[in-house]
Structures are given as structure tokens and as C-alpha cells.
Amino acid sequence: MSRELRAVFDRLDTTACVVTTACEDEPAGCLVTYVTGASLDPARLLVLTSHENLTHELVERSGVVAVHPLARGQQDWIRHFGFQSGRDVDKFAGLGWTTGETGAPILQDALGYLEGRVLASLDCGDHTARLVEPVAGALRAADAVPLRAWDVYALGEDDPRSRSLFPRKSGRPAGS
Ligand SMILES: Cc1cc2nc3c(=O)[nH]c(=O)nc-3n(C[C@H](O)[C@H](O)[C@H](O)COP(=O)(O)O)c2cc1C
């Protein structure tokens with residue numbers, strides 16, 4: 001994608017989330033900014049995972065996900081879940097988590113979560129979109145302010161796979 005298109009692309013913005021899954025007792029999870037509500041009634045989410053990621057592979061096999069919106073103050077989770085792969089480190093060691101109804105790991109320190117089952121998948125290019133039916137969820141910290149993807153980029157914490165394309169701190173619009 002050209003730098004010009006990318007600059008607008010990133011301003012579509014979303015909430016930065018940690019998406020988890022588990023297959024045969026192996027948990028996985030990564031930072032995802034391509035996530036959004038897709039229908040109110042019935043409730044549906046869209047979650048996109050990169051073909052490079054362990055999390056993508058395990059979602060493909062398990063058909064379940066849990067989506068945890070990040071809150072301001074949880075910047076350490078950006079690096080923990082977004083800059084290293086579960087192929088190299090155990091991301092769940094030392095974190096509080098339980099097993100959800102679907103079998104996906106539920107992170108205790110998240111502001112809340114939605115977990116659900118994949119109803120359909122669409123190969124979009126280097127990511128696959130999953131249409132997810134939420135089956136359970138809880139808001140645990142009603143006052144927490146969600147951490148926006150744009151805030152993550154402004155911290156300089158861009159997706160390492162596309163570092164050269166993301167806007168730098170100076171690219172933030174005046175007044176935002
Ligand atoms: C700001 C940011 C946004 C990201 N957005 C996504 C995304 O929307 N979907 C995705 O699959 N990976 C995304 N990633 C990349 C994964 O979080 C990253 O590659 C992670 O290390 C994969 O871990 P895994 O191999 O354990 O699944 C993003 C990373 C960062 C830093």
C-alpha cells in the first residue's frame with residue numbers, strides 16, 4: 001500500500017484489543033487493531049488476524065476467540081502481545097487468566113471481554129476476517145478508557161511488520 005493511502009487507512013481507527021484463542025490446551029493471543037462490531041441484532045463481531053501469526057493458526061483450528069479491549073495504562077500489553085510471538089515465548093506465563101465458555105483464555109486484568117464462535121471466514125489478503133457470534137462477555141472496569149489504535153501508533157508502537165509505513169508521532173493531526 002502506498003504511504004498516502006496508508007496515512008488515511010490508519011485514521012479509520014479502532015480500539016486496540018488482545019485476541020486470544022486455544023487449541024488442544026495450547027493458548028495463543030496477540031494484539032489486534034482490526035476488530036469491530038458488525039451487527040447489533042444478532043450481535044456479531046469482525047476480527048481479523050494476520051496469516052503470519054500463531055494466533056491466526058490456532059483460531060483457524062479452534063474456531064473460537066476472546067476479544068479484550070485494552071485500556072489506557074495497559075501500554076505494556078502492546079509490546080507483550082504485539083511484538084513477540086507465542087512461537088518464541090509463553091505469553092500467558094505470569095498473567096492471570098481463566099478458561100472461558102468457549103475454551104478461549106480470558107485475561108483477568110482486561111477492562112472486559114467478549115468471547116465467541118467463528119461463524120464464517122473471509123480471506124482478505126494478508127489477514128482473514130472472522131465473523132464471530134459472541135456467547136459470553138463481561139465489562140469489569142466500566143470507567144476504564146479504551147486505548148485507541150491511533151493512540152498506540154502515536155506512542156510509536158506500530159505494528160513491527162509495517163513499521164516503515166506507519167505515521168510517526170509528528171503525523172498526529174493538530175488538536176487530537
Ligand atoms: C499496533 C499493532 C497492531 C496490530 N494489529 C494486528 C491485527 O489487527 N491483526 C493481527 O493479526 N495482528 C496484528 N498485530 C500483530 C500481532 O499482534 C503480532 O504479530 C504478534 O506478535 C503475533 O503474535 P502470535 O504469533 O503469538 O500470534 C498488530 C501489532 C501491533 C503492534
# chains A, B, ... in the order shown; residues from 1 in each chain; ligands from 1

$ residues_near_ligand --ligand "ligand 1" --cutoff "7 Å" --atoms "only C-alpha atoms and all ligand atoms" --output "PDB file with C-alpha atoms, in the first residue's frame"
ATOM      1  CA  ALA A  28      -2.379 -18.073  21.948  1.00  0.00           C
ATOM      2  CA  GLY A  29      -3.027 -14.374  21.849  1.00  0.00           C
ATOM      3  CA  CYS A  30      -1.909 -11.256  20.041  1.00  0.00           C
ATOM      4  CA  LEU A  31      -2.582  -7.552  19.750  1.00  0.00           C
ATOM      5  CA  VAL A  32      -5.269  -6.843  17.142  1.00  0.00           C
ATOM      6  CA  THR A  33      -6.408  -3.463  15.886  1.00  0.00           C
ATOM      7  CA  TYR A  34      -8.508  -4.855  13.024  1.00  0.00           C
ATOM      8  CA  VAL A  35     -11.592  -5.548  15.134  1.00  0.00           C
ATOM      9  CA  LEU A  48      -9.044 -10.014  11.522  1.00  0.00           C
ATOM     10  CA  THR A  49      -5.872 -11.998  12.098  1.00  0.00           C
ATOM     11  CA  SER A  50      -2.658 -11.876  10.113  1.00  0.00           C
ATOM     12  CA  GLU A  52       1.796 -14.744   9.911  1.00  0.00           C
ATOM     13  CA  ASN A  53       0.568 -15.142  13.476  1.00  0.00           C
ATOM     14  CA  LEU A  54       0.370 -18.162  15.738  1.00  0.00           C
ATOM     15  CA  THR A  55      -2.941 -16.777  16.975  1.00  0.00           C
ATOM     16  CA  HIS A  56      -4.272 -16.906  13.407  1.00  0.00           C
ATOM     17  CA  ILE A  78       1.146  -3.719  23.367  1.00  0.00           C
ATOM     18  CA  ARG A  79       4.718  -4.987  23.454  1.00  0.00           C
ATOM     19  CA  PHE A  81       1.158  -9.293  22.857  1.00  0.00           C
ATOM     20  CA  GLY A  82       2.096  -7.338  19.740  1.00  0.00           C
ATOM     21  CA  PHE A  83       5.864  -7.559  19.442  1.00  0.00           C
ATOM     22  CA  GLN A  84       6.591 -11.189  20.213  1.00  0.00           C
ATOM     23  CA  SER A  85       5.162 -14.480  19.038  1.00  0.00           C
ATOM     24  CA  GLY A  86       3.821 -17.334  21.095  1.00  0.00           C
ATOM     25  CA  ARG A  87       6.091 -19.483  18.928  1.00  0.00           C
ATOM     26  CA  HIS A 127      -5.425 -11.138   7.007  1.00  0.00           C
ATOM     27  CA  ALA A 149      -5.174   2.135  17.782  1.00  0.00           C
ATOM     28  CA  VAL A 152      -0.872   3.170  20.026  1.00  0.00           C
ATOM     29  CA  TYR A 153       0.631   4.473  16.780  1.00  0.00           C
ATOM     30  CA  GLU A 157       4.294   1.363  18.973  1.00  0.00           C
ATOM     31  CA  ASP A 158       3.450   0.474  15.392  1.00  0.00           C
ATOM     32  CA  ASP A 159       2.889  -2.991  14.043  1.00  0.00           C
ATOM     33  CA  PRO A 160       6.500  -4.136  13.619  1.00  0.00           C
TER      34      PRO A 160
END

$ closest_atom_pairs --of "segment 64-148 of chain A" --to "segment 17-27 of chain A" --cutoff "6 Å" --atoms "only C-alpha atoms" --output "JSON lines"
{"residue": "A:Val65", "atom": "CA", "partner": "A:Thr21", "partner_atom": "CA", "distance": 4.8}
{"residue": "A:Ala66", "atom": "CA", "partner": "A:Thr20", "partner_atom": "CA", "distance": 5.2}
{"residue": "A:Val67", "atom": "CA", "partner": "A:Val19", "partner_atom": "CA", "distance": 4.6}
{"residue": "A:His68", "atom": "CA", "partner": "A:Val18", "partner_atom": "CA", "distance": 5.1}
{"residue": "A:Pro69", "atom": "CA", "partner": "A:Cys17", "partner_atom": "CA", "distance": 4.2}
{"residue": "A:Leu70", "atom": "CA", "partner": "A:Cys17", "partner_atom": "CA", "distance": 5.3}
{"residue": "A:Ala104", "atom": "CA", "partner": "A:Thr21", "partner_atom": "CA", "distance": 4.5}

$ write_last_selection --atoms "C-alpha atoms" --output "PDB file, in the first residue's frame"
ATOM      1  CA  VAL A  65     -11.828 -16.222  20.099  1.00  0.00           C
ATOM      2  CA  ALA A  66     -11.955 -13.931  23.095  1.00  0.00           C
ATOM      3  CA  VAL A  67     -11.595 -10.199  22.438  1.00  0.00           C
ATOM      4  CA  HIS A  68     -10.223  -7.993  25.237  1.00  0.00           C
ATOM      5  CA  PRO A  69     -10.264  -4.210  24.647  1.00  0.00           C
ATOM      6  CA  LEU A  70      -7.180  -2.540  26.113  1.00  0.00           C
ATOM      7  CA  ALA A 104     -10.564 -19.355  24.888  1.00  0.00           C
TER       8      ALA A 104
END

$ atom_distance --atom1 "atom CA of Leu147 of chain A" --atom2 "atom CA of Val135 of chain A"
23.8 Å

$ select_by_dssp --residues "segment 8-52 of chain A" --states "helix (DSSP H, G or I)" --output "list of chain:residue names"
A:Val8, A:Phe9, A:Asp10, A:Arg11, A:Leu12

$ atom_distance --atom1 "atom CA of Gly116 of chain A" --atom2 "atom CA of Arg61 of chain A"
14.2 Å

$ residues_around --residues "segment 37-47 of chain A" --least-positions-apart "6" --cutoff "8 Å" --atoms "only C-alpha atoms" --output "JSON, numbers by chain"
{"A": [129, 130, 131, 132, 133, 134]}

$ write_last_selection --atoms "N, CA and C atoms" --output "compact mmCIF listing (two decimals), in the first residue's frame"
# COMPACT_ATOMS: atom_id res chain seq x y z
N ALA A 129 -10.69 -12.36 7.85
CA ALA A 129 -11.75 -11.81 8.70
C ALA A 129 -12.59 -12.95 9.25
N ARG A 130 -12.90 -12.86 10.53
CA ARG A 130 -13.76 -13.87 11.17
C ARG A 130 -15.03 -13.18 11.64
N LEU A 131 -16.17 -13.68 11.18
CA LEU A 131 -17.44 -13.22 11.72
C LEU A 131 -17.72 -14.05 12.97
N VAL A 132 -17.84 -13.35 14.11
CA VAL A 132 -17.89 -14.03 15.41
C VAL A 132 -19.23 -13.78 16.09
N GLU A 133 -19.82 -14.87 16.57
CA GLU A 133 -21.04 -14.78 17.38
C GLU A 133 -20.63 -14.77 18.85
N PRO A 134 -20.81 -13.65 19.56
CA PRO A 134 -20.44 -13.63 20.98
C PRO A 134 -21.38 -14.53 21.79

$ residues_around --residues "Leu139 of chain A" --least-positions-apart "2" --cutoff "8 Å" --atoms "only C-alpha atoms" --output "PyMOL selection string"
chain A and resi 111-113+137+141-142

$ write_last_selection --atoms "N, CA and C atoms" --output "compact mmCIF listing (two decimals), in the first residue's frame"
# COMPACT_ATOMS: atom_id res chain seq x y z
N LEU A 111 -10.15 -4.77 30.73
CA LEU A 111 -11.33 -3.99 31.18
C LEU A 111 -12.61 -4.78 30.98
N GLY A 112 -12.55 -5.80 30.15
CA GLY A 112 -13.69 -6.67 29.89
C GLY A 112 -13.35 -7.59 28.74
N TYR A 113 -14.30 -8.39 28.33
CA TYR A 113 -14.04 -9.31 27.21
C TYR A 113 -15.35 -9.71 26.55
N GLY A 137 -19.57 -12.62 27.85
CA GLY A 137 -18.74 -11.43 27.98
C GLY A 137 -19.05 -10.72 29.28
N ALA A 141 -14.39 -3.11 34.17
CA ALA A 141 -13.93 -1.79 34.60
C ALA A 141 -14.66 -0.75 33.75
N ALA A 142 -15.87 -0.39 34.21
CA ALA A 142 -16.74 0.48 33.42
C ALA A 142 -16.13 1.86 33.19

$ closest_residue --among "A:Glu4, A:Asp13, A:Glu60, A:Asp88" --to "Val118 of chain A" --atoms "only C-alpha atoms"
A:Glu60

$ select_by_dssp --residues "segment 37-133 of chain A" --states "strand (DSSP E)" --output "VMD selection string"
chain A and resid 37 to 39 44 to 50 64 to 69 97 to 99 105 to 107 112 to 123 127 to 133

$ write_last_selection --atoms "N, CA and C atoms" --output "compact mmCIF listing (two decimals), in the first residue's frame"
# COMPACT_ATOMS: atom_id res chain seq x y z
N GLY A 37 -17.35 -4.09 15.90
CA GLY A 37 -18.71 -4.63 15.89
C GLY A 37 -19.20 -4.69 14.46
N ALA A 38 -20.06 -5.69 14.15
CA ALA A 38 -20.53 -5.85 12.77
C ALA A 38 -22.04 -5.93 12.67
N SER A 39 -22.72 -6.28 13.77
CA SER A 39 -24.19 -6.34 13.79
C SER A 39 -24.64 -6.24 15.24
N ARG A 44 -22.85 -9.47 16.47
CA ARG A 44 -21.76 -10.06 15.68
C ARG A 44 -20.54 -9.14 15.74
N LEU A 45 -19.36 -9.75 15.72
CA LEU A 45 -18.09 -9.01 15.67
C LEU A 45 -17.34 -9.43 14.43
N LEU A 46 -16.44 -8.56 13.99
CA LEU A 46 -15.47 -8.94 12.97
C LEU A 46 -14.09 -8.82 13.57
N VAL A 47 -13.30 -9.87 13.45
CA VAL A 47 -11.94 -9.91 13.99
C VAL A 47 -11.03 -10.39 12.88
N LEU A 48 -9.96 -9.62 12.61
CA LEU A 48 -9.04 -10.01 11.52
C LEU A 48 -7.68 -10.39 12.08
N THR A 49 -7.19 -11.55 11.64
CA THR A 49 -5.87 -12.00 12.10
C THR A 49 -4.94 -12.17 10.91
N SER A 50 -3.69 -11.78 11.14
CA SER A 50 -2.66 -11.88 10.11
C SER A 50 -2.24 -13.33 9.91
N VAL A 64 -12.68 -20.46 17.86
CA VAL A 64 -13.16 -19.61 18.96
C VAL A 64 -12.16 -18.48 19.22
N VAL A 65 -12.69 -17.35 19.72
CA VAL A 65 -11.83 -16.22 20.10
C VAL A 65 -12.40 -15.55 21.34
N ALA A 66 -11.52 -14.88 22.06
CA ALA A 66 -11.96 -13.93 23.09
C ALA A 66 -11.27 -12.60 22.78
N VAL A 67 -12.07 -11.54 22.79
CA VAL A 67 -11.59 -10.20 22.44
C VAL A 67 -11.58 -9.35 23.70
N HIS A 68 -10.39 -8.80 24.02
CA HIS A 68 -10.22 -7.99 25.24
C HIS A 68 -9.80 -6.59 24.83
N PRO A 69 -10.68 -5.59 24.94
CA PRO A 69 -10.26 -4.21 24.65
C PRO A 69 -9.22 -3.76 25.67
N TRP A 97 -5.36 -15.56 34.15
CA TRP A 97 -6.37 -15.87 33.13
C TRP A 97 -7.14 -17.11 33.52
N THR A 98 -8.35 -17.20 32.98
CA THR A 98 -9.19 -18.37 33.21
C THR A 98 -9.62 -18.89 31.85
N THR A 99 -10.23 -20.05 31.85
CA THR A 99 -10.73 -20.61 30.58
C THR A 99 -12.20 -20.24 30.43
N PRO A 105 -8.83 -18.40 26.35
CA PRO A 105 -8.35 -17.78 27.60
C PRO A 105 -8.99 -16.40 27.81
N ILE A 106 -9.41 -16.16 29.05
CA ILE A 106 -9.98 -14.86 29.43
C ILE A 106 -8.99 -14.17 30.36
N LEU A 107 -8.52 -13.00 29.96
CA LEU A 107 -7.48 -12.28 30.71
C LEU A 107 -8.14 -11.49 31.84
N GLY A 112 -12.55 -5.80 30.15
CA GLY A 112 -13.69 -6.67 29.89
C GLY A 112 -13.35 -7.59 28.74
N TYR A 113 -14.30 -8.39 28.33
CA TYR A 113 -14.04 -9.31 27.21
C TYR A 113 -15.35 -9.71 26.55
N LEU A 114 -15.24 -10.16 25.32
CA LEU A 114 -16.32 -10.84 24.61
C LEU A 114 -15.71 -12.11 24.05
N GLU A 115 -16.34 -13.24 24.27
CA GLU A 115 -15.82 -14.46 23.65
C GLU A 115 -16.90 -15.05 22.76
N GLY A 116 -16.47 -15.73 21.71
CA GLY A 116 -17.46 -16.26 20.79
C GLY A 116 -16.92 -17.27 19.82
N ARG A 117 -17.83 -17.72 18.98
CA ARG A 117 -17.50 -18.76 18.00
C ARG A 117 -17.49 -18.16 16.59
N VAL A 118 -16.59 -18.65 15.78
CA VAL A 118 -16.46 -18.18 14.40
C VAL A 118 -17.57 -18.79 13.55
N LEU A 119 -18.35 -17.90 12.91
CA LEU A 119 -19.45 -18.37 12.05
C LEU A 119 -19.02 -18.47 10.60
N ALA A 120 -18.10 -17.59 10.20
CA ALA A 120 -17.66 -17.56 8.80
C ALA A 120 -16.31 -16.89 8.71
N SER A 121 -15.55 -17.23 7.69
CA SER A 121 -14.22 -16.65 7.48
C SER A 121 -14.11 -16.13 6.06
N LEU A 122 -13.39 -15.04 5.91
CA LEU A 122 -13.15 -14.47 4.58
C LEU A 122 -11.69 -14.10 4.46
N ASP A 123 -11.02 -14.70 3.48
CA ASP A 123 -9.61 -14.36 3.22
C ASP A 123 -9.58 -12.98 2.57
N HIS A 127 -4.65 -10.84 5.80
CA HIS A 127 -5.43 -11.14 7.01
C HIS A 127 -6.67 -11.94 6.61
N THR A 128 -7.21 -12.67 7.58
CA THR A 128 -8.51 -13.33 7.40
C THR A 128 -9.51 -12.72 8.38
N ALA A 129 -10.69 -12.36 7.85
CA ALA A 129 -11.75 -11.81 8.70
C ALA A 129 -12.59 -12.95 9.25
N ARG A 130 -12.90 -12.86 10.53
CA ARG A 130 -13.76 -13.87 11.17
C ARG A 130 -15.03 -13.18 11.64
N LEU A 131 -16.17 -13.68 11.18
CA LEU A 131 -17.44 -13.22 11.72
C LEU A 131 -17.72 -14.05 12.97
N VAL A 132 -17.84 -13.35 14.11
CA VAL A 132 -17.89 -14.03 15.41
C VAL A 132 -19.23 -13.78 16.09
N GLU A 133 -19.82 -14.87 16.57
CA GLU A 133 -21.04 -14.78 17.38
C GLU A 133 -20.63 -14.77 18.85

$ closest_residue --among "A:Leu58, A:Ala110, A:Ala16, A:Val89" --to "Asp151 of chain A" --atoms "only C-alpha atoms"
A:Ala16

$ atom_distance --atom1 "atom CA of Arg148 of chain A" --atom2 "atom CA of Ala7 of chain A"
15.9 Å
